[in-house]
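*Asks:* One file is attached below, target.pdb, containing PDB, C-alpha atoms, pLDDT in the B column.
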```pdb
ATOM      1  CA  MET G   1      40.992  49.644  31.380  1.00 63.00           C
ATOM      2  CA  ALA G   2      40.805  46.804  28.851  1.00 74.00           C
ATOM      3  CA  GLY G   3      43.911  44.665  28.752  1.00 87.00           C
ATOM      4  CA  GLU G   4      45.139  45.828  32.160  1.00 91.00           C
ATOM      5  CA  PRO G   5      45.501  43.424  35.116  1.00 91.00           C
ATOM      6  CA  GLN G   6      42.476  43.288  37.413  1.00 94.00           C
ATOM      7  CA  ALA G   7      43.050  43.083  41.169  1.00 94.00           C
ATOM      8  CA  ASP G   8      40.117  40.698  41.683  1.00 95.00           C
ATOM      9  CA  CYS G   9      40.996  38.295  38.826  1.00 97.00           C
ATOM     10  CA  LEU G  10      42.391  34.873  39.730  1.00 97.00           C
ATOM     11  CA  PHE G  11      44.166  34.499  36.388  1.00 98.00           C
ATOM     12  CA  CYS G  12      45.751  37.954  36.650  1.00 98.00           C
ATOM     13  CA  LYS G  13      47.070  36.848  40.050  1.00 98.00           C
ATOM     14  CA  ILE G  14      48.506  33.667  38.487  1.00 98.00           C
ATOM     15  CA  ILE G  15      50.228  35.769  35.804  1.00 98.00           C
ATOM     16  CA  ALA G  16      51.667  38.022  38.545  1.00 97.00           C
ATOM     17  CA  LYS G  17      52.799  34.889  40.440  1.00 97.00           C
ATOM     18  CA  GLU G  18      50.689  35.909  43.443  1.00 97.00           C
ATOM     19  CA  VAL G  19      48.772  32.619  43.206  1.00 97.00           C
ATOM     20  CA  PRO G  20      50.621  29.358  42.468  1.00 98.00           C
ATOM     21  CA  ALA G  21      49.928  27.314  39.361  1.00 98.00           C
ATOM     22  CA  THR G  22      51.603  24.423  37.595  1.00 98.00           C
ATOM     23  CA  VAL G  23      52.840  26.268  34.522  1.00 98.00           C
ATOM     24  CA  VAL G  24      53.611  24.094  31.497  1.00 98.00           C
ATOM     25  CA  ARG G  25      54.444  26.867  28.988  1.00 98.00           C
ATOM     26  CA  GLU G  26      54.915  30.604  29.018  1.00 98.00           C
ATOM     27  CA  THR G  27      55.488  33.075  26.196  1.00 98.00           C
ATOM     28  CA  GLU G  28      55.640  36.846  25.990  1.00 97.00           C
ATOM     29  CA  THR G  29      51.841  36.988  25.598  1.00 98.00           C
ATOM     30  CA  THR G  30      50.482  33.771  27.170  1.00 98.00           C
ATOM     31  CA  VAL G  31      50.700  31.428  30.144  1.00 98.00           C
ATOM     32  CA  ALA G  32      49.597  27.788  30.061  1.00 98.00           C
ATOM     33  CA  PHE G  33      48.959  25.903  33.293  1.00 98.00           C
ATOM     34  CA  ARG G  34      47.224  22.756  34.529  1.00 98.00           C
ATOM     35  CA  ASP G  35      43.563  23.039  35.502  1.00 98.00           C
ATOM     36  CA  ILE G  36      43.020  22.410  39.222  1.00 96.00           C
ATOM     37  CA  ASN G  37      39.842  20.432  38.436  1.00 96.00           C
ATOM     38  CA  PRO G  38      40.835  18.429  35.350  1.00 97.00           C
ATOM     39  CA  GLN G  39      38.084  17.012  33.154  1.00 95.00           C
ATOM     40  CA  ALA G  40      40.483  14.838  31.124  1.00 97.00           C
ATOM     41  CA  PRO G  41      43.961  13.351  31.632  1.00 98.00           C
ATOM     42  CA  THR G  42      45.303  16.423  29.816  1.00 98.00           C
ATOM     43  CA  HIS G  43      43.530  19.617  30.889  1.00 98.00           C
ATOM     44  CA  VAL G  44      45.603  22.741  30.507  1.00 98.00           C
ATOM     45  CA  LEU G  45      44.400  26.345  30.398  1.00 98.00           C
ATOM     46  CA  VAL G  46      46.023  28.792  28.002  1.00 98.00           C
ATOM     47  CA  ILE G  47      45.453  32.427  28.974  1.00 98.00           C
ATOM     48  CA  PRO G  48      46.562  35.770  27.606  1.00 98.00           C
ATOM     49  CA  LYS G  49      48.694  37.913  29.876  1.00 98.00           C
ATOM     50  CA  ALA G  50      46.427  40.826  28.928  1.00 97.00           C
ATOM     51  CA  HIS G  51      43.093  40.830  30.767  1.00 98.00           C
ATOM     52  CA  TYR G  52      39.955  40.570  28.651  1.00 97.00           C
ATOM     53  CA  PRO G  53      36.782  39.060  30.111  1.00 97.00           C
ATOM     54  CA  ASP G  54      36.171  36.513  27.342  1.00 97.00           C
ATOM     55  CA  ALA G  55      37.391  35.187  24.011  1.00 96.00           C
ATOM     56  CA  ALA G  56      35.157  37.481  21.950  1.00 96.00           C
ATOM     57  CA  SER G  57      36.408  40.680  23.599  1.00 96.00           C
ATOM     58  CA  LEU G  58      40.013  39.470  23.325  1.00 97.00           C
ATOM     59  CA  ALA G  59      39.640  38.652  19.619  1.00 97.00           C
ATOM     60  CA  ALA G  60      38.034  42.027  18.903  1.00 97.00           C
ATOM     61  CA  ALA G  61      40.718  44.011  20.738  1.00 97.00           C
ATOM     62  CA  GLU G  62      43.826  41.860  20.259  1.00 97.00           C
ATOM     63  CA  PRO G  63      43.474  39.423  17.340  1.00 98.00           C
ATOM     64  CA  LEU G  64      47.191  38.606  17.345  1.00 98.00           C
ATOM     65  CA  ILE G  65      47.068  37.583  21.002  1.00 98.00           C
ATOM     66  CA  ALA G  66      43.952  35.501  20.298  1.00 98.00           C
ATOM     67  CA  ALA G  67      45.983  33.755  17.585  1.00 98.00           C
ATOM     68  CA  ASP G  68      48.829  33.272  20.088  1.00 98.00           C
ATOM     69  CA  ILE G  69      46.431  31.383  22.359  1.00 98.00           C
ATOM     70  CA  LEU G  70      45.455  29.013  19.553  1.00 98.00           C
ATOM     71  CA  ARG G  71      49.094  28.464  18.572  1.00 98.00           C
ATOM     72  CA  GLU G  72      50.047  27.788  22.188  1.00 98.00           C
ATOM     73  CA  ALA G  73      47.122  25.380  22.569  1.00 98.00           C
ATOM     74  CA  GLY G  74      48.647  23.351  19.740  1.00 98.00           C
ATOM     75  CA  GLU G  75      52.071  23.501  21.394  1.00 98.00           C
ATOM     76  CA  VAL G  76      50.568  22.345  24.685  1.00 98.00           C
ATOM     77  CA  ALA G  77      48.853  19.426  22.918  1.00 98.00           C
ATOM     78  CA  ALA G  78      52.139  18.431  21.295  1.00 98.00           C
ATOM     79  CA  GLY G  79      54.029  18.755  24.581  1.00 98.00           C
ATOM     80  CA  GLU G  80      51.428  16.653  26.373  1.00 98.00           C
ATOM     81  CA  GLY G  81      51.539  13.993  23.638  1.00 98.00           C
ATOM     82  CA  VAL G  82      47.869  14.278  22.636  1.00 98.00           C
ATOM     83  CA  ASP G  83      48.336  15.948  19.259  1.00 97.00           C
ATOM     84  CA  GLY G  84      48.377  12.594  17.448  1.00 96.00           C
ATOM     85  CA  SER G  85      45.344  11.074  19.168  1.00 96.00           C
ATOM     86  CA  GLY G  86      43.254  14.243  19.151  1.00 97.00           C
ATOM     87  CA  TYR G  87      42.428  17.039  21.533  1.00 97.00           C
ATOM     88  CA  ARG G  88      39.811  19.690  22.031  1.00 97.00           C
ATOM     89  CA  ILE G  89      40.211  23.450  22.470  1.00 98.00           C
ATOM     90  CA  VAL G  90      37.281  25.016  24.333  1.00 97.00           C
ATOM     91  CA  PHE G  91      36.506  28.677  25.007  1.00 97.00           C
ATOM     92  CA  ASN G  92      33.570  29.062  27.406  1.00 96.00           C
ATOM     93  CA  THR G  93      32.078  32.524  27.023  1.00 95.00           C
ATOM     94  CA  GLY G  94      29.621  33.698  29.656  1.00 95.00           C
ATOM     95  CA  ALA G  95      28.254  32.118  32.811  1.00 95.00           C
ATOM     96  CA  GLY G  96      25.580  30.229  30.857  1.00 95.00           C
ATOM     97  CA  ALA G  97      28.334  28.436  28.932  1.00 94.00           C
ATOM     98  CA  GLY G  98      30.210  27.483  32.093  1.00 93.00           C
ATOM     99  CA  GLN G  99      32.735  30.316  32.281  1.00 96.00           C
ATOM    100  CA  THR G 100      33.646  30.815  35.940  1.00 96.00           C
ATOM    101  CA  VAL G 101      36.764  32.995  35.656  1.00 97.00           C
ATOM    102  CA  PHE G 102      36.096  36.078  33.547  1.00 97.00           C
ATOM    103  CA  HIS G 103      39.548  36.313  31.981  1.00 98.00           C
ATOM    104  CA  ALA G 104      39.710  34.901  28.445  1.00 98.00           C
ATOM    105  CA  HIS G 105      41.102  31.379  28.393  1.00 98.00           C
ATOM    106  CA  ALA G 106      41.205  28.234  26.312  1.00 98.00           C
ATOM    107  CA  HIS G 107      40.910  24.748  27.760  1.00 98.00           C
ATOM    108  CA  VAL G 108      43.106  22.144  26.057  1.00 98.00           C
ATOM    109  CA  LEU G 109      41.583  18.714  26.727  1.00 98.00           C
ATOM    110  CA  GLY G 110      42.875  15.325  25.629  1.00 98.00           C
ATOM    111  CA  GLY G 111      44.060  11.907  26.662  1.00 97.00           C
ATOM    112  CA  ARG G 112      40.619  10.267  26.560  1.00 96.00           C
ATOM    113  CA  GLY G 113      37.703   9.972  24.187  1.00 93.00           C
ATOM    114  CA  LEU G 114      35.838  13.253  23.877  1.00 94.00           C
ATOM    115  CA  ASN G 115      32.245  12.603  22.873  1.00 90.00           C
ATOM    116  CA  TRP G 116      30.233  14.816  20.571  1.00 89.00           C
ATOM    117  CA  PRO G 117      28.152  16.745  21.189  1.00 87.00           C
ATOM    118  CA  PRO G 118      29.802  17.963  24.373  1.00 80.00           C
ATOM    119  CA  GLY G 119      27.652  17.900  27.486  1.00 65.00           C
TER     120      GLY G 119
END
```
Written as structure tokens, how would this file's structure read?
*Replies:*
Amino acid sequence: MAGEPQADCLFCKIIAKEVPATVVRETETTVAFRDINPQAPTHVLVIPKAHYPDAASLAAAEPLIAADILREAGEVAAGEGVDGSGYRIVFNTGAGAGQTVFHAHAHVLGGRGLNWPPG
């Protein structure tokens, strides 16, 4: 069922504390933790506690939680000290866009120059 934890989802296991992660923030609806393969000095994932496979399905079903992710991304950037120099929020949606864990999540990247267009 949409929104329910999935037994085979890595991020659901992180939320349930079955898999360790370096958590930097947690709210009633979100968890933010460091990416295990960082692409920038600051690389934190912000995920909803509710399971949806991608950002589009989350936004359609739970727009307030989608907004929580964006708000928390800003809080992460501030906490990491990259809000003044600039940061990027990325939602990869689908395998062709680089999504490898099919649980909606935002990447917060900063701490170095981020070229445009992204690669």
*Asks:* Compare G:His43, G:Arg112, G:Lys49, G:His105 by their minimum atom-to-atom distance to Ile15 of chain G, counting all atoms listed in the file, and give me the closest one.
*Replies:*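 That would be G:Lys49, the residue with the smallest distance to Ile15 of chain G.
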*Asks:* Using the chain letters and numbering of this document, enumerate as a PyMOL selection string the residues selected by the PyMOL selection byres ((chain G and resi 51) around 10).
*Replies:* chain G and resi 1-6+9+11-12+47-50+52-54+57-58+102-105
*Asks:* Would you kindly translate the PyMOL selection byres ((chain G and resi 28-31) around 7) into the concrete residues it picks from this file, as a ChimeraX atom specification?
*Replies:* /G:25-27,32-33,46-49,65,69
*Asks:* Find the residue from G:Ala55, G:Ala21, G:Ala78, G:Asp83 that sits nearest to Gln99 of chain G; use all atoms listed in the file when measuring.
*Replies:*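 Closest candidate: G:Ala55.
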*Asks:* Determine, counting all atoms listed in the file, every residue of protein, DNA or RNA that lies within 12 Å of (53.3, 15.2, 28.4) in the file coordinates, then give the result as a ChimeraX atom specification.
*Replies:* /G:24-25,34,41-44,75-83,110-111
*Asks:* Please produce a file of the residues just selected, as an mmCIF file, keeping the file's coordinate frame, where the atoms kept are C-alpha atoms.
*Replies:*
```cif
data_model
loop_
_atom_site.group_PDB
_atom_site.id
_atom_site.type_symbol
_atom_site.label_atom_id
_atom_site.label_comp_id
_atom_site.auth_asym_id
_atom_site.auth_seq_id
_atom_site.Cartn_x
_atom_site.Cartn_y
_atom_site.Cartn_z
ATOM 1 C CA VAL G 24 53.611 24.094 31.497
ATOM 2 C CA ARG G 25 54.444 26.867 28.988
ATOM 3 C CA ARG G 34 47.224 22.756 34.529
ATOM 4 C CA PRO G 41 43.961 13.351 31.632
ATOM 5 C CA THR G 42 45.303 16.423 29.816
ATOM 6 C CA HIS G 43 43.530 19.617 30.889
ATOM 7 C CA VAL G 44 45.603 22.741 30.507
ATOM 8 C CA GLU G 75 52.071 23.501 21.394
ATOM 9 C CA VAL G 76 50.568 22.345 24.685
ATOM 10 C CA ALA G 77 48.853 19.426 22.918
ATOM 11 C CA ALA G 78 52.139 18.431 21.295
ATOM 12 C CA GLY G 79 54.029 18.755 24.581
ATOM 13 C CA GLU G 80 51.428 16.653 26.373
ATOM 14 C CA GLY G 81 51.539 13.993 23.638
ATOM 15 C CA VAL G 82 47.869 14.278 22.636
ATOM 16 C CA ASP G 83 48.336 15.948 19.259
ATOM 17 C CA GLY G 110 42.875 15.325 25.629
ATOM 18 C CA GLY G 111 44.060 11.907 26.662
#
```
*Asks:* Give the answer as one residue: which of G:Pro38, G:Gly86, G:Pro20, G:Gly94 has the shortest atom-to-atom distance to His107 of chain G, using all atoms listed in the file?
*Replies:*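 Going through G:Pro38, G:Gly86, G:Pro20, G:Gly94 one by one, the smallest distance to His107 of chain G is for G:Pro38.
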*Asks:* Atom CA of Tyr87 of chain G and atom CA of Ala73 of chain G are how many Å apart?
*Replies:*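 These two atoms are separated by 9.6 Å.
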*Asks:* If I take atom CA of Gly98 of chain G and atom CA of Leu64 of chain G, how far is one from the other in Å, to one decimal?
*Replies:*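 For atom CA of Gly98 of chain G relative to atom CA of Leu64 of chain G, the distance reads 25.1 Å.
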*Asks:* Determine the nearest neighbour of Ala106 of chain G from the options G:Thr93, G:Leu45, G:Asp68, G:Ala59, counting only C-alpha atoms.
*Replies:*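 For Ala106 of chain G, the nearest of the given residues is G:Leu45.
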*Asks:* Please report the interatomic distance between atom CA of Asn37 of chain G and atom CA of Pro117 of chain G in Å with one decimal.
*Replies:*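 It comes out at 21.2 Å.
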*Asks:* Which of these, G:Ala40, G:Val108, G:Val101, G:Ala56, has the shortest distance to Glu72 of chain G once you count all atoms listed in the file?
*Replies:* G:Val108
*Asks:* From the block you just saw, export segment 30-42 of chain G: N, CA and C atoms, as a PDB file, in the first residue's frame.
*Replies:*
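Generated output (part-v9.pdb):
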```
ATOM      1  N   THR G  30      10.275  13.327   8.235  1.00  0.00           N
ATOM      2  CA  THR G  30      11.472  13.162   7.407  1.00  0.00           C
ATOM      3  C   THR G  30      12.667  12.685   8.220  1.00  0.00           C
ATOM      4  N   VAL G  31      13.639  12.133   7.489  1.00  0.00           N
ATOM      5  CA  VAL G  31      14.956  11.801   8.041  1.00  0.00           C
ATOM      6  C   VAL G  31      15.984  12.310   7.040  1.00  0.00           C
ATOM      7  N   ALA G  32      17.035  12.936   7.544  1.00  0.00           N
ATOM      8  CA  ALA G  32      18.135  13.406   6.700  1.00  0.00           C
ATOM      9  C   ALA G  32      19.413  12.728   7.176  1.00  0.00           C
ATOM     10  N   PHE G  33      20.156  12.151   6.218  1.00  0.00           N
ATOM     11  CA  PHE G  33      21.373  11.431   6.577  1.00  0.00           C
ATOM     12  C   PHE G  33      22.421  11.590   5.477  1.00  0.00           C
ATOM     13  N   ARG G  34      23.674  11.383   5.848  1.00  0.00           N
ATOM     14  CA  ARG G  34      24.786  11.546   4.907  1.00  0.00           C
ATOM     15  C   ARG G  34      24.779  10.425   3.859  1.00  0.00           C
ATOM     16  N   ASP G  35      25.045  10.816   2.614  1.00  0.00           N
ATOM     17  CA  ASP G  35      25.144   9.841   1.531  1.00  0.00           C
ATOM     18  C   ASP G  35      26.421   9.026   1.727  1.00  0.00           C
ATOM     19  N   ILE G  36      26.338   7.717   1.494  1.00  0.00           N
ATOM     20  CA  ILE G  36      27.521   6.864   1.679  1.00  0.00           C
ATOM     21  C   ILE G  36      28.506   6.987   0.524  1.00  0.00           C
ATOM     22  N   ASN G  37      28.104   7.621  -0.568  1.00  0.00           N
ATOM     23  CA  ASN G  37      28.982   7.847  -1.716  1.00  0.00           C
ATOM     24  C   ASN G  37      28.883   9.323  -2.113  1.00  0.00           C
ATOM     25  N   PRO G  38      29.414  10.210  -1.262  1.00  0.00           N
ATOM     26  CA  PRO G  38      29.196  11.644  -1.477  1.00  0.00           C
ATOM     27  C   PRO G  38      29.808  12.158  -2.780  1.00  0.00           C
ATOM     28  N   GLN G  39      29.038  13.029  -3.437  1.00  0.00           N
ATOM     29  CA  GLN G  39      29.467  13.644  -4.690  1.00  0.00           C
ATOM     30  C   GLN G  39      29.901  15.090  -4.483  1.00  0.00           C
ATOM     31  N   ALA G  40      29.872  15.555  -3.249  1.00  0.00           N
ATOM     32  CA  ALA G  40      30.292  16.908  -2.882  1.00  0.00           C
ATOM     33  C   ALA G  40      30.651  16.874  -1.401  1.00  0.00           C
ATOM     34  N   PRO G  41      31.377  17.883  -0.908  1.00  0.00           N
ATOM     35  CA  PRO G  41      31.711  17.894   0.521  1.00  0.00           C
ATOM     36  C   PRO G  41      30.471  17.787   1.421  1.00  0.00           C
ATOM     37  N   THR G  42      29.383  18.434   1.024  1.00  0.00           N
ATOM     38  CA  THR G  42      28.097  18.231   1.689  1.00  0.00           C
ATOM     39  C   THR G  42      27.229  17.425   0.737  1.00  0.00           C
TER      40      THR G  42
END
```
